[in-house]
Protein chains: 2
Amino acid sequence: MKSEFTRILNKYSKINKEKSLPSISIDCVVFGFDTSSLKILLVRLKEKDEWALPGGYLWKNENLDDGAYRILEERTGAKEIYLNQFKTFGNVNRTKDFFDGHPDDLWQKQRFLSVGYYALTNFAKVEPKVDDLSDASEWKNVHELPNLMMDHEEIFNTALLELRKGLNYRPVGLNLLPEKFTMPELQRLYEIVLDKPLNRGNFYRKMTKYGILNKLKETRKGGAHKAPNLYTFNLEVYNEALENGFKEAW
Amino acid sequence: MKSEFTRILNKYSKINKEKSLPSISIDCVVFGFDTSSLKILLVRLKEKDEWALPGGYLWKNENLDDGAYRILEERTGAKEIYLNQFKTFGNVNRTKDFFDGHPDDLWQKQRFLSVGYYALTNFAKVEPKVDDLSDASEWKNVHELPNLMMDHEEIFNTALLELRKGLNYRPVGLNLLPEKFTMPELQRLYEIVLDKPLNRGNFYRKMTKYGILNKLKETRKGGAHKAPNLYTFNLEVYNEALENGFKEAW
């Protein structure tokens, strides 16, 4: 007797054969931040002791980026989150073991290259959803990840490395931080992504030089210490730097 | 009567249907440097007034990166050149116009996503080759590019932007410069890639801080001025930084 998981695979095999481009899949590494830890969104596969990055297939008549946004929205409910394509994963046997025992004409069993995207968001924006093939969708701390299927650990590791490298030439923080934030909160985000402590004075100077911050007249009230200044991102400079990199570097 | 170009397309349609993965192609932006200008390698298509990036299809049993190295070697004769996958291009109609008028069962007429790689080399390492579909293979100055087919201009522009951004966190120069070089020669490379003049003192300080250079006891003799120092790259630090980014940035 076929398991529920196999029955659903077979259903989607027919649908995808009709509707999706062969050889291509999309996987999303969705980073979330809650001012104290960095997490990613994972789904747990039914009947398997394995978790997966939210992903899917590309429709035949759909642009690649549009497919990534659609899949992200289907799996997380999140719209208008900045997605960054970072690498395509194409080893020959990357998905092979997963479909052992299934018939060769199962559409999902063919060889797939997966185009990796990462997204940066805050938890409040996202409602994790489950679909037919999964029975859980949860935020997991990047330091305590469960067992991931296929090469999804490699995809995650590469996304984290790209995010870290990206901090050197591209702004980060929009979508991850509240609209108004303090310099220590921004520094904490950098420290968590980089996984190391940073010098406060150097951080302040470097951030200020980039010109992506607007200092507000408001301060954050309520603490025991001097009320810290609040900042917002200067969206024009931020978006320009997101597209073309920081000007300062060379 | 079928043109020669069509006859060759049909021949490869049969071969590729058998041997290659559907939906996926690979295009290479091969940058070369001759101490005064930055060029890329292009092939001219037979019977077309269009040039193309050297590219090809991925074999069914071949890892993606291996396919990129194979295609680069087939088209340029170049081995052991550092290839950097930078983006996958996946708009729906990116290759559509090119095959107008050809039958729909021509394998090459299907929708393809193209995985872009860039390579850095010097002219001496490469022997441009032509294949059945092209009648020329030449180095072209990036400031004077001919008419490129499909979305190859976008692929080139993206590669150049990635190369520029990469200068901020990753070393560049190995493969582009002779084994021993002077600081002004290295600076000239940066200026050409960035397309702007750099301050000599800042460049020297920043380069020195990265720790990727070994200063030799030799100097470059023969000029009218004081003989400039020669440098080589410290391969261990260089390769570490190539893999993981410069340590200094944050």
# chains A, B, ... in the order shown; residues from 1 in each chain; ligands from 1

call {"tool": "interface_residues", "arguments": {"of": "chain A", "to": "chain B", "cutoff": "7 Å", "atoms": "only C-alpha atoms", "output": "PyMOL selection string"}}
result
chain A and resi 22-23+61-64+86-88+90-92+165+168-169+245+249

call {"tool": "residues_around", "arguments": {"residues": "Phe99 in chain A", "least_positions_apart": "5", "cutoff": "10 Å", "atoms": "only C-alpha atoms", "output": "PyMOL selection string"}}
result
chain A and resi 104+106+108-110

call {"tool": "write_last_selection", "arguments": {"atoms": "N, CA, C and O atoms", "output": "compact mmCIF listing (two decimals), in the first residue's frame"}}
result
# COMPACT_ATOMS: atom_id res chain seq x y z
N ASP A 104 11.01 5.45 -11.73
CA ASP A 104 11.83 6.41 -12.48
C ASP A 104 11.00 7.46 -13.22
O ASP A 104 11.52 8.50 -13.60
N LEU A 106 8.60 9.09 -11.92
CA LEU A 106 8.16 10.14 -10.99
C LEU A 106 8.88 11.43 -11.39
O LEU A 106 10.12 11.48 -11.43
N GLN A 108 9.51 14.24 -10.02
CA GLN A 108 10.44 14.82 -9.04
C GLN A 108 11.75 14.03 -8.94
O GLN A 108 12.70 14.50 -8.31
N LYS A 109 11.79 12.83 -9.51
CA LYS A 109 13.00 12.00 -9.38
C LYS A 109 14.08 12.36 -10.39
O LYS A 109 15.23 11.93 -10.27
N GLN A 110 13.72 13.12 -11.42
CA GLN A 110 14.72 13.51 -12.40
C GLN A 110 15.82 14.36 -11.76
O GLN A 110 15.67 14.84 -10.63

call {"tool": "residues_around", "arguments": {"residues": "Thr182 in chain B", "least_positions_apart": "5", "cutoff": "9 Å", "atoms": "only C-alpha atoms", "output": "PyMOL selection string"}}
result
chain B and resi 187+219-220+228-232

call {"tool": "write_last_selection", "arguments": {"atoms": "C-alpha atoms", "output": "CSV table (one decimal), in the first residue's frame"}}
result
chain,number,residue,atom,x,y,z
B,187,GLN,CA,46.7,49.5,-9.1
B,219,THR,CA,63.1,45.5,-8.3
B,220,ARG,CA,61.9,46.2,-11.9
B,228,PRO,CA,59.9,50.0,-8.4
B,229,ASN,CA,59.6,47.0,-6.1
B,230,LEU,CA,58.3,43.7,-7.4
B,231,TYR,CA,55.6,41.7,-5.6
B,232,THR,CA,54.1,38.2,-5.9

call {"tool": "select_by_dssp", "arguments": {"residues": "range 17-125 of chain A", "states": "strand (DSSP E)", "output": "VMD selection string"}}
result
chain A and resid 20 to 33 38 to 45 51 to 52 55 to 59 83 to 89 113 to 122

call {"tool": "select_by_dssp", "arguments": {"residues": "range 38-222 of chain A", "states": "helix (DSSP H, G or I)", "output": "VMD selection string"}}
result
chain A and resid 64 to 76 97 to 99 107 to 109 123 to 125 152 to 166 183 to 194 200 to 210

call {"tool": "closest_residue", "arguments": {"among": "A:Glu179, A:Glu185, A:Glu144, A:Asp195", "to": "Leu235 in chain A", "atoms": "only C-alpha atoms"}}
result
A:Glu179
